$ cat query-v4.pdb   # PDB, C-alpha atoms and all ligand atoms
ATOM      1  CA  MET J   1      11.155  -1.763  21.224  1.00  0.00           C
ATOM      2  CA  ILE J   2       9.079  -4.106  19.074  1.00  0.00           C
ATOM      3  CA  GLU J   3       5.918  -2.339  20.158  1.00  0.00           C
ATOM      4  CA  ASN J   4       7.329   0.913  18.839  1.00  0.00           C
ATOM      5  CA  VAL J   5       7.822  -0.628  15.397  1.00  0.00           C
ATOM      6  CA  VAL J   6       4.279  -1.948  15.329  1.00  0.00           C
ATOM      7  CA  GLU J   7       2.968   1.432  16.345  1.00  0.00           C
ATOM      8  CA  TYR J   8       5.034   3.043  13.602  1.00  0.00           C
ATOM      9  CA  PHE J   9       3.532   0.926  10.836  1.00  0.00           C
ATOM     10  CA  ARG J  10       0.072   1.263  12.339  1.00  0.00           C
ATOM     11  CA  ASN J  11       0.283   5.026  12.002  1.00  0.00           C
ATOM     12  CA  LEU J  12       1.340   4.850   8.377  1.00  0.00           C
ATOM     13  CA  PRO J  13      -1.472   5.544   5.928  1.00  0.00           C
ATOM     14  CA  PRO J  14      -2.238   2.438   3.837  1.00  0.00           C
ATOM     15  CA  LYS J  15      -1.241   2.647   0.223  1.00  0.00           C
ATOM     16  CA  GLN J  16      -4.290   2.698  -1.994  1.00  0.00           C
ATOM     17  CA  CYS J  17      -4.842   2.259  -5.701  1.00  0.00           C
ATOM     18  CA  ALA J  18      -5.484   5.610  -7.380  1.00  0.00           C
ATOM     19  CA  THR J  19      -8.152   3.971  -9.550  1.00  0.00           C
ATOM     20  CA  CYS J  20     -10.195   1.578  -7.419  1.00  0.00           C
ATOM     21  CA  GLY J  21      -8.958   2.398  -3.915  1.00  0.00           C
ATOM     22  CA  GLU J  22      -7.739  -1.146  -3.308  1.00  0.00           C
ATOM     23  CA  LYS J  23      -5.041  -1.440  -0.705  1.00  0.00           C
ATOM     24  CA  ILE J  24      -1.672  -1.945  -2.361  1.00  0.00           C
ATOM     25  CA  GLU J  25       0.907  -4.278  -0.876  1.00  0.00           C
ATOM     26  CA  GLU J  26       4.299  -2.725  -0.262  1.00  0.00           C
ATOM     27  CA  GLN J  27       5.914  -5.228  -2.606  1.00  0.00           C
ATOM     28  CA  HIS J  28       3.940  -3.704  -5.472  1.00  0.00           C
ATOM     29  CA  GLU J  29       5.473  -0.316  -4.935  1.00  0.00           C
ATOM     30  CA  CYS J  30       7.228  -0.531  -8.279  1.00  0.00           C
ATOM     31  CA  TYR J  31       3.840  -0.551 -10.021  1.00  0.00           C
ATOM     32  CA  GLY J  32       3.219   3.047  -9.062  1.00  0.00           C
ATOM     33  CA  ARG J  33      -0.064   4.215  -7.589  1.00  0.00           C
ATOM     34  CA  GLN J  34      -2.318   1.545  -9.032  1.00  0.00           C
ATOM     35  CA  CYS J  35      -3.033  -1.963  -7.816  1.00  0.00           C
ATOM     36  CA  GLU J  36      -2.009  -4.999  -9.799  1.00  0.00           C
ATOM     37  CA  SER J  37      -5.456  -5.415 -11.376  1.00  0.00           C
ATOM     38  CA  CYS J  38      -5.808  -1.823 -12.581  1.00  0.00           C
ATOM     39  CA  ASP J  39      -2.221  -1.763 -13.804  1.00  0.00           C
ATOM     40  CA  GLU J  40      -3.007  -4.503 -16.330  1.00  0.00           C
ATOM     41  CA  LEU J  41      -5.786  -2.474 -17.948  1.00  0.00           C
TER
HETATM   42 ZN    ZN F 101      -6.999  -0.731  -8.580  1.00  0.00          ZN
END
$ encode --input "query-v4.pdb" --output "structure tokens"
Amino acid sequence: MIENVVEYFRNLPPKQCATCGEKIEEQHECYGRQCESCDEL
């Protein structure tokens, strides 16, 4: 069962910043589509 969960997340496309393409951590989801650095600009 655990392997199925790992496979599920592995198939998910990584969230990327719309500006610089940096991978966005899930906990930053509230920031929208930009990473923490670009969001401060
Ligand atoms: Zn960025």
$ closest_residue --input "query-v4.pdb" --among "J:Cys20, J:Tyr8, J:Glu40, J:Gly32" --to "ligand ZN 101 (chain F)" --atoms "all atoms listed in the file"
J:Cys20
$ residues_near_ligand --input "query-v4.pdb" --ligand "ligand ZN 101 (chain F)" --cutoff "10 Å" --atoms "all atoms listed in the file" --output "number ranges by chain"
J: 16-24, 33-41
$ axis_aligned_box --input "query-v4.pdb" --around "region 7-25 of chain J" --padding-each-side "8 Å" --output "lines of an AutoDock Vina configuration file"
center_x = -2.6
center_y = 0.7
center_z = 3.4
size_x = 31.2
size_y = 25.9
size_z = 41.9
